[in-house]
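Below is my_file-v1.cif, which holds mmCIF, C-alpha atoms and all ligand atoms.
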```cif
data_work
#
loop_
_atom_site.label_atom_id
_atom_site.label_comp_id
_atom_site.auth_asym_id
_atom_site.auth_seq_id
_atom_site.Cartn_x
_atom_site.Cartn_y
_atom_site.Cartn_z
CA MET A 3 118.39 156.17 95.20
CA ASN A 4 119.32 153.48 97.74
CA VAL A 5 116.90 150.56 97.94
CA SER A 6 117.35 148.28 100.96
CA ARG A 7 115.45 145.14 101.78
CA THR A 8 117.12 144.36 105.08
CA ILE A 9 117.34 146.13 108.42
CA SER A 10 121.13 146.01 108.36
CA GLY A 11 121.09 147.43 104.82
CA ILE A 12 118.96 150.47 105.64
CA ARG A 13 120.81 151.07 108.92
CA GLY A 14 124.10 150.92 106.99
CA ASP A 15 122.82 153.41 104.38
CA LEU A 16 121.82 155.85 107.10
CA THR A 17 124.88 155.52 109.37
CA GLY A 18 127.14 157.48 107.05
CA LEU A 19 124.57 160.25 106.68
CA ARG A 20 123.85 161.12 110.30
CA PRO A 21 123.84 163.53 112.11
CA LYS A 22 121.85 164.97 109.21
CA HIS A 23 118.14 165.02 110.05
CA VAL A 24 116.21 162.06 108.72
CA GLY A 25 112.59 162.44 107.58
CA PHE A 26 110.57 159.23 107.35
CA VAL A 27 107.51 158.44 105.24
CA PRO A 28 106.07 155.00 106.14
CA THR A 29 103.79 153.62 103.40
CA MET A 30 102.19 150.37 102.31
CA GLY A 31 103.07 151.08 98.68
CA ALA A 32 100.67 151.49 95.73
CA LEU A 33 101.95 155.04 95.82
CA HIS A 34 99.95 157.99 94.53
CA GLU A 35 100.19 161.77 94.62
CA GLY A 36 99.10 161.80 98.26
CA HIS A 37 102.18 159.77 99.24
CA ILE A 38 104.37 161.87 96.97
CA SER A 39 103.19 165.02 98.76
CA LEU A 40 104.43 163.46 102.04
CA VAL A 41 107.77 162.60 100.43
CA GLU A 42 108.08 166.14 99.08
CA LYS A 43 107.41 167.56 102.54
CA ALA A 44 110.08 165.25 104.00
CA ILE A 45 112.51 166.42 101.31
CA GLU A 46 111.66 170.06 102.03
CA LEU A 47 112.30 169.68 105.78
CA CYS A 48 115.08 167.08 105.96
CA PRO A 49 118.44 166.53 104.23
CA VAL A 50 117.74 162.78 104.19
CA ALA A 51 114.36 161.18 103.43
CA VAL A 52 113.49 157.52 103.90
CA VAL A 53 110.37 155.93 102.41
CA SER A 54 109.29 152.47 103.54
CA ILE A 55 107.05 150.23 101.48
CA PHE A 56 105.63 147.43 103.60
CA VAL A 57 102.14 145.95 103.55
CA ASN A 58 101.87 145.29 107.27
CA PRO A 59 99.88 142.09 107.87
CA THR A 60 99.22 142.77 111.55
CA GLN A 61 97.02 145.79 110.86
CA PHE A 62 94.58 143.88 108.62
CA ASN A 63 91.69 142.39 110.55
CA ASP A 64 90.37 140.95 107.29
CA LYS A 65 92.55 138.38 105.44
CA GLU A 66 90.84 139.04 102.11
CA ASP A 67 91.57 142.77 102.43
CA LEU A 68 95.25 141.94 103.05
CA ASN A 69 95.39 139.60 100.05
CA LYS A 70 93.83 142.05 97.64
CA TYR A 71 95.78 145.10 98.87
CA PRO A 72 97.50 146.46 95.73
CA ARG A 73 101.23 145.72 95.40
CA THR A 74 102.94 147.75 92.69
CA GLU A 75 106.63 147.89 93.60
CA ASP A 76 108.06 148.71 90.15
CA ALA A 77 105.62 151.57 89.58
CA ASP A 78 106.26 152.81 93.15
CA LEU A 79 110.00 152.95 92.55
CA ASP A 80 109.47 154.76 89.21
CA LEU A 81 107.37 157.39 90.98
CA LEU A 82 109.89 157.80 93.79
CA ARG A 83 112.82 158.14 91.35
CA LYS A 84 111.18 161.31 90.03
CA VAL A 85 111.28 163.07 93.40
CA ILE A 86 113.92 161.64 95.71
CA ARG A 87 117.56 162.67 95.96
CA GLU A 88 120.81 160.72 95.92
CA ASP A 89 121.08 160.35 99.70
CA ASP A 90 117.42 159.43 100.18
CA ALA A 91 116.55 155.78 100.71
CA VAL A 92 113.73 153.32 100.16
CA PHE A 93 113.21 150.42 102.57
CA ILE A 94 111.23 147.44 101.23
CA PRO A 95 111.43 144.61 103.76
CA GLU A 96 109.78 141.18 103.58
CA VAL A 97 107.36 140.22 106.34
CA GLU A 98 109.99 137.94 108.00
CA GLU A 99 112.44 140.85 108.24
CA ILE A 100 109.99 142.91 110.30
CA TYR A 101 108.36 140.00 112.14
CA PRO A 102 110.97 137.22 112.61
CA SER A 103 108.59 136.00 115.31
CA GLU A 104 105.03 136.86 116.25
CA ASP A 105 104.68 140.35 117.70
CA LYS A 106 102.63 139.85 120.86
CA ARG A 107 102.78 143.43 122.09
CA VAL A 108 99.44 144.91 123.07
CA PHE A 109 99.06 148.68 123.09
CA ASN A 110 96.38 150.63 124.91
CA PHE A 111 95.13 153.85 123.38
CA GLY A 112 92.03 154.23 125.56
CA ASN A 113 89.17 156.06 123.91
CA LEU A 114 91.23 156.81 120.81
CA GLU A 115 90.81 153.21 119.68
CA LYS A 116 87.25 152.70 120.92
CA VAL A 117 85.58 154.75 118.20
CA MET A 118 85.28 154.71 114.39
CA GLU A 119 88.08 152.61 112.80
CA GLY A 120 88.96 151.12 116.17
CA LEU A 121 85.40 149.83 116.59
CA HIS A 122 84.96 148.67 113.02
CA ARG A 123 88.44 147.17 112.50
CA PRO A 124 89.32 145.42 115.78
CA GLY A 125 93.09 145.09 116.23
CA HIS A 126 93.87 147.47 113.39
CA PHE A 127 95.55 150.17 115.48
CA ASN A 128 97.44 147.62 117.53
CA GLY A 129 98.97 146.41 114.26
CA VAL A 130 99.71 149.98 113.17
CA ALA A 131 101.44 150.62 116.52
CA GLN A 132 103.45 147.40 116.19
CA VAL A 133 104.80 148.26 112.77
CA VAL A 134 105.31 151.98 113.42
CA THR A 135 107.39 151.30 116.57
CA LYS A 136 109.45 148.71 114.68
CA LEU A 137 110.01 151.04 111.72
CA PHE A 138 110.90 153.96 114.02
CA ASP A 139 113.44 151.71 115.81
CA ILE A 140 114.99 150.73 112.48
CA VAL A 141 115.04 154.13 110.74
CA GLU A 142 115.44 156.31 113.86
CA PRO A 143 113.92 159.32 112.12
CA ASP A 144 113.87 162.87 113.45
CA TYR A 145 110.57 163.55 111.68
CA ALA A 146 107.82 161.22 110.42
CA PHE A 147 105.14 162.27 107.95
CA PHE A 148 101.54 161.04 108.04
CA GLY A 149 98.54 162.02 105.92
CA GLN A 150 95.44 163.57 107.47
CA LYS A 151 93.22 161.23 105.47
CA ASP A 152 93.98 158.62 108.13
CA PHE A 153 92.69 161.02 110.76
CA GLN A 154 92.40 158.52 113.60
CA GLN A 155 95.74 156.89 112.77
CA LEU A 156 97.38 160.30 113.14
CA ALA A 157 95.90 160.73 116.64
CA ILE A 158 97.00 157.19 117.56
CA VAL A 159 100.56 157.71 116.26
CA LYS A 160 100.87 160.98 118.23
CA GLU A 161 99.68 159.14 121.34
CA LEU A 162 102.11 156.27 120.62
CA VAL A 163 105.00 158.75 120.46
CA ARG A 164 103.83 160.26 123.75
CA GLN A 165 103.48 156.88 125.48
CA THR A 166 106.85 155.54 124.28
CA GLY A 167 108.72 158.80 124.94
CA SER A 168 109.92 158.72 121.32
CA LYS A 169 111.76 161.83 120.08
CA VAL A 170 110.23 161.56 116.58
CA LYS A 171 108.29 164.67 115.57
CA ILE A 172 105.06 163.80 113.81
CA ILE A 173 104.20 166.04 110.87
CA SER A 174 100.64 165.84 109.58
CA CYS A 175 100.09 166.59 105.92
CA PRO A 176 96.86 167.64 104.16
CA ILE A 177 94.61 165.28 102.22
CA ILE A 178 95.29 165.31 98.48
CA ARG A 179 92.13 164.92 96.38
CA GLU A 180 91.22 163.93 92.82
CA SER A 181 89.44 166.56 90.70
CA ASP A 182 86.00 165.31 91.88
CA GLY A 183 87.14 165.53 95.50
CA LEU A 184 87.78 161.80 96.08
CA ALA A 185 90.59 161.58 98.65
CA MET A 186 93.61 159.85 97.15
CA SER A 187 94.04 156.33 98.48
CA SER A 188 95.84 153.20 97.38
CA ARG A 189 92.46 151.47 97.49
CA ASN A 190 90.97 153.78 94.84
CA ARG A 191 92.59 151.72 92.10
CA LEU A 192 90.46 148.75 93.21
CA LEU A 193 87.18 150.63 92.59
CA GLU A 194 85.06 149.33 89.71
CA PRO A 195 84.66 152.03 86.98
CA GLU A 196 80.91 152.51 87.64
CA ILE A 197 81.60 153.01 91.35
CA ARG A 198 84.57 155.30 90.74
CA LYS A 199 82.37 157.50 88.53
CA ASN A 200 80.05 158.21 91.48
CA ALA A 201 82.73 158.42 94.19
CA GLY A 202 82.67 162.25 94.22
CA ILE A 203 79.55 161.81 96.39
CA ILE A 204 81.81 161.25 99.41
CA PHE A 205 83.44 164.70 99.17
CA ARG A 206 80.14 166.39 98.32
CA THR A 207 78.43 164.76 101.31
CA LEU A 208 81.25 165.74 103.68
CA ASN A 209 81.04 169.34 102.45
CA GLN A 210 77.28 169.34 103.06
CA ALA A 211 77.73 167.80 106.51
CA ALA A 212 80.37 170.38 107.44
CA GLU A 213 78.01 173.15 106.30
CA LEU A 214 75.01 171.68 108.18
CA ALA A 215 77.15 171.32 111.33
CA LYS A 216 77.22 175.10 111.65
CA GLU A 217 73.57 175.20 112.72
CA ARG A 218 71.76 171.85 112.59
CA GLU A 219 71.50 169.12 115.20
CA ILE A 220 73.74 166.05 114.92
CA PRO A 221 70.98 163.42 114.27
CA GLU A 222 69.72 165.57 111.37
CA ILE A 223 73.22 165.79 109.89
CA ARG A 224 73.68 162.04 110.31
CA LYS A 225 70.35 161.39 108.56
CA HIS A 226 71.40 163.59 105.67
CA VAL A 227 74.73 161.75 105.32
CA GLU A 228 73.00 158.33 105.48
CA ARG A 229 70.50 159.36 102.80
CA SER A 230 73.14 160.90 100.54
CA ILE A 231 75.53 157.92 100.65
CA ASN A 232 73.00 155.07 100.79
CA SER A 233 70.98 156.46 97.88
CA THR A 234 74.05 156.35 95.61
CA SER A 235 74.08 153.07 93.73
CA GLY A 236 76.72 150.68 95.11
CA PHE A 237 77.53 152.83 98.16
CA SER A 238 76.66 152.06 101.76
CA LEU A 239 77.54 154.02 104.87
CA GLU A 240 79.46 152.24 107.63
CA TYR A 241 79.71 155.15 110.06
CA PHE A 242 79.58 158.92 110.24
CA GLU A 243 80.86 160.75 113.31
CA ILE A 244 81.74 164.28 114.29
CA VAL A 245 84.70 164.18 116.69
CA ASP A 246 87.33 166.51 118.11
CA ASP A 247 90.90 165.93 116.90
CA LYS A 248 92.49 165.31 120.32
CA GLN A 249 90.33 162.81 122.20
CA LEU A 250 88.15 161.76 119.25
CA LEU A 251 85.04 162.03 121.41
CA PRO A 252 81.93 161.76 119.21
CA VAL A 253 79.72 164.84 119.44
CA THR A 254 76.07 163.84 119.93
CA ASP A 255 74.61 167.26 120.66
CA ARG A 256 75.57 170.76 119.47
CA SER A 257 75.97 171.92 123.09
CA GLN A 258 79.11 169.71 123.23
CA PHE A 259 80.96 171.89 120.70
CA HIS A 260 83.68 174.00 122.35
CA LYS A 261 85.24 176.93 120.53
CA GLU A 262 88.77 175.97 121.56
CA ASN A 263 88.57 172.49 119.92
CA ASN A 264 88.85 171.49 116.27
CA TYR A 265 86.10 169.20 114.97
CA PHE A 266 86.07 166.85 112.03
CA CYS A 267 83.34 164.97 110.15
CA CYS A 268 84.62 161.42 109.67
CA ILE A 269 83.11 158.87 107.34
CA ALA A 270 83.64 155.21 106.43
CA LEU A 271 81.69 153.47 103.72
CA ARG A 272 81.61 150.65 101.23
CA ALA A 273 82.03 151.73 97.64
CA GLY A 274 81.18 148.52 95.80
CA LYS A 275 83.46 145.94 97.43
CA ILE A 276 85.98 148.50 98.63
CA ARG A 277 86.01 150.19 102.01
CA LEU A 278 86.96 153.88 101.98
CA ILE A 279 87.42 156.52 104.69
CA ASP A 280 87.58 160.30 104.50
CA ASN A 281 87.19 163.32 106.75
CA MET A 282 86.76 167.07 106.69
CA GLU A 283 87.30 169.81 109.26
CA ILE A 284 84.25 171.80 110.33
CA SER A 285 84.63 175.52 110.80
CA LEU A 286 82.10 176.39 113.47
CA LEU A 287 82.45 180.21 113.29
O1 LIG B 1 98.98 154.66 106.61
C1 LIG B 1 99.54 153.62 106.20
O2 LIG B 1 99.80 153.43 105.02
C2 LIG B 1 99.92 152.54 107.22
O3 LIG B 1 98.96 152.42 108.20
C3 LIG B 1 101.32 152.75 107.83
C4 LIG B 1 101.39 154.02 108.66
C5 LIG B 1 102.35 152.79 106.72
C6 LIG B 1 101.66 151.58 108.77
O4 LIG B 1 101.63 150.37 108.08
#
```

Starting from the file, give its structure as structure tokens.
Amino acid sequence: MNVSRTISGIRGDLTGLRPKHVGFVPTMGALHEGHISLVEKAIELCPVAVVSIFVNPTQFNDKEDLNKYPRTEDADLDLLRKVIREDDAVFIPEVEEIYPSEDKRVFNFGNLEKVMEGLHRPGHFNGVAQVVTKLFDIVEPDYAFFGQKDFQQLAIVKELVRQTGSKVKIISCPIIRESDGLAMSSRNRLLEPEIRKNAGIIFRTLNQAAELAKEREIPEIRKHVERSINSTSGFSLEYFEIVDDKQLLPVTDRSQFHKENNYFCCIALRAGKIRLIDNMEISLL
């Protein structure tokens, strides 16, 4: 396993391996089975896989969130050693390597960034776009793998690829869940034990919302979600939306559902001091 900390290092590792297809899994570390499923998909589809571990400061609108984001490099490398092959590489740059000077680029994703995470975490997707374009320039992957848990990020990255004319093919990978349905996330390890014990409520509530969406009106579904989350000790709802997966337009009335679109229930909440997001597709049949 090649571990590089510099741009010239990772580029050097990859030069000898092209024209083999390169699959890229960008991460912020604190790896879990969800990340490993992305790495396994990259390995399945590509002769060379690159995993980056970089806690990107520009996508944190909250300094405290950035400071407490888990950093577990040794454990991450141990996990990766179990799955990756000789030619695969890990890229772990320092902040100065990626941002030798301030990145002043401003991206415009229209409505995609005006809802949900975009509204609640101003600047977040601009930071994601900054780091993803930089990492794509460095790694020059053929494929890049993103988890569906970050539903809105996936839509933004697809739009970024469209806007920049990038040749990278974006592969979306399913959410991996714990046995109680909690979506795997690096932030889960920050949950206090009492909160973690009750965190299955998120998956249960999403299931109920997806079921209700087949026949009930949106305000009724929203009320149910609010009640379910806010009545669980230590949990408080930040937002709940039902949106389509292309334009992310929030549905406010059942008459706005169109058979040809795919719709998702999206949720963000506080679980104790930790902010979590999750989503679930609705089958409207
Ligand atoms: O999903 C993440 O972990 C991050 O947003 C990403 C894509 C690695 C960019 O920092």

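The smallest atom-to-atom distance between ligand LIG 1 (chain B) and any of A:Ser103, A:Asn69, A:Asn4, A:Gln150, using only C-alpha atoms and all ligand atoms, is found for A:Gln150.
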
- request: Select all residues near (74.7, 158.0, 97.7) (cut-off 12 Å, inclusive, file coordinates), counting only C-alpha atoms, and output them as a PyMOL selection string.
  value: chain A and resi 197+199-208+226-239+271-274

Restricted to C-alpha atoms, what would the selected residues look like written as a compact mmCIF listing (two decimals), keeping the file's coordinate frame?
```txt
# COMPACT_ATOMS: atom_id res chain seq x y z
CA ILE A 197 81.60 153.01 91.35
CA LYS A 199 82.37 157.50 88.53
CA ASN A 200 80.05 158.21 91.48
CA ALA A 201 82.73 158.42 94.19
CA GLY A 202 82.67 162.25 94.22
CA ILE A 203 79.55 161.81 96.39
CA ILE A 204 81.81 161.25 99.41
CA PHE A 205 83.44 164.70 99.17
CA ARG A 206 80.14 166.39 98.32
CA THR A 207 78.43 164.76 101.31
CA LEU A 208 81.25 165.74 103.68
CA HIS A 226 71.40 163.59 105.67
CA VAL A 227 74.73 161.75 105.32
CA GLU A 228 73.00 158.33 105.48
CA ARG A 229 70.50 159.36 102.80
CA SER A 230 73.14 160.90 100.54
CA ILE A 231 75.53 157.92 100.65
CA ASN A 232 73.00 155.07 100.79
CA SER A 233 70.98 156.46 97.88
CA THR A 234 74.05 156.35 95.61
CA SER A 235 74.08 153.07 93.73
CA GLY A 236 76.72 150.68 95.11
CA PHE A 237 77.53 152.83 98.16
CA SER A 238 76.66 152.06 101.76
CA LEU A 239 77.54 154.02 104.87
CA LEU A 271 81.69 153.47 103.72
CA ARG A 272 81.61 150.65 101.23
CA ALA A 273 82.03 151.73 97.64
CA GLY A 274 81.18 148.52 95.80
```

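Between A:Gln210 and the candidates A:Val27, A:Gly36, A:Leu193, A:Met282, the tightest atom-to-atom separation, counting all atoms listed in the file, involves A:Met282.
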
Which residues of chain A come within 7 Å of ligand LIG 1 (chain B), and what is each one's closest atom pair and distance in Å (one decimal), counting all atoms listed in the file, sorted by chain and residue number, as CSV?
```
residue,atom,partner,partner_atom,distance
A:Pro28,CA,B:LIG1,C5,4.4
A:Thr29,CA,B:LIG1,C5,3.7
A:Met30,CA,B:LIG1,O2,4.7
A:Phe56,CA,B:LIG1,O4,6.7
A:Val57,CA,B:LIG1,O4,6.3
A:Asn58,CA,B:LIG1,O4,5.1
A:Val130,CA,B:LIG1,C6,5.1
A:Val133,CA,B:LIG1,O4,6.0
A:Val134,CA,B:LIG1,C6,5.9
A:Asp152,CA,B:LIG1,O1,6.6
```

Quick one: residues within 9 Å of stretch 136-146 of chain A, all atoms listed in the file counted, chain neighbours fewer than 5 positions away excluded, as a PDB file with C-alpha atoms, in the coordinates of the input?
```pdb
ATOM      1  CA  ILE A   9     117.340 146.130 108.420  1.00  0.00           C
ATOM      2  CA  SER A  10     121.130 146.010 108.360  1.00  0.00           C
ATOM      3  CA  ILE A  12     118.960 150.470 105.640  1.00  0.00           C
ATOM      4  CA  ARG A  13     120.810 151.070 108.920  1.00  0.00           C
ATOM      5  CA  LEU A  16     121.820 155.850 107.100  1.00  0.00           C
ATOM      6  CA  HIS A  23     118.140 165.020 110.050  1.00  0.00           C
ATOM      7  CA  VAL A  24     116.210 162.060 108.720  1.00  0.00           C
ATOM      8  CA  GLY A  25     112.590 162.440 107.580  1.00  0.00           C
ATOM      9  CA  PHE A  26     110.570 159.230 107.350  1.00  0.00           C
ATOM     10  CA  VAL A  27     107.510 158.440 105.240  1.00  0.00           C
ATOM     11  CA  PRO A  28     106.070 155.000 106.140  1.00  0.00           C
ATOM     12  CA  ALA A  44     110.080 165.250 104.000  1.00  0.00           C
ATOM     13  CA  LEU A  47     112.300 169.680 105.780  1.00  0.00           C
ATOM     14  CA  CYS A  48     115.080 167.080 105.960  1.00  0.00           C
ATOM     15  CA  ALA A  51     114.360 161.180 103.430  1.00  0.00           C
ATOM     16  CA  VAL A  52     113.490 157.520 103.900  1.00  0.00           C
ATOM     17  CA  SER A  54     109.290 152.470 103.540  1.00  0.00           C
ATOM     18  CA  ILE A 100     109.990 142.910 110.300  1.00  0.00           C
ATOM     19  CA  ALA A 131     101.440 150.620 116.520  1.00  0.00           C
ATOM     20  CA  SER A 168     109.920 158.720 121.320  1.00  0.00           C
ATOM     21  CA  LYS A 169     111.760 161.830 120.080  1.00  0.00           C
ATOM     22  CA  VAL A 170     110.230 161.560 116.580  1.00  0.00           C
ATOM     23  CA  LYS A 171     108.290 164.670 115.570  1.00  0.00           C
ATOM     24  CA  ILE A 172     105.060 163.800 113.810  1.00  0.00           C
ATOM     25  CA  ILE A 173     104.200 166.040 110.870  1.00  0.00           C
ATOM     26  CA  SER A 174     100.640 165.840 109.580  1.00  0.00           C
TER      27      SER A 174
END
```

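Residue nearest A:Ile45, chosen from A:Gly112, A:Thr166, A:Glu213, A:Arg87 and counting all atoms listed in the file: A:Arg87.
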
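Separating atom CA of A:Glu119 from atom CA of A:Ala270 is a distance of 8.2 Å.
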
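Every protein, DNA or RNA residue with an atom at most 9 Å from stretch 240-246 of chain A, where all atoms listed in the file count and chain neighbours fewer than 3 positions away do not, is listed here: Met118, His122, Ala215, Ile220, Arg224, Val227, Glu228, Gln249, Leu250, Leu251, Pro252, Val253, Thr254, Phe259, Asn263, Asn264, Tyr265, Phe266, Cys267, Cys268, Ile269, Ala270, Leu271, Arg272, Arg277 and Ile284 of chain A.
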
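Distance check against A:His37 using only C-alpha atoms: of A:Ser187, A:Gln165, A:Ser181, A:Asn128, the minimum falls on A:Ser187.
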
field: Nearest residue to A:Arg256 from the set A:Arg218, A:Lys43, A:Lys275, A:His34 (distances using only C-alpha atoms)
entry: A:Arg218

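Using all atoms listed in the file, the nearest neighbour of A:Phe62 within the list A:Lys151, A:Arg164, A:Arg107, A:Arg123 is A:Arg123.
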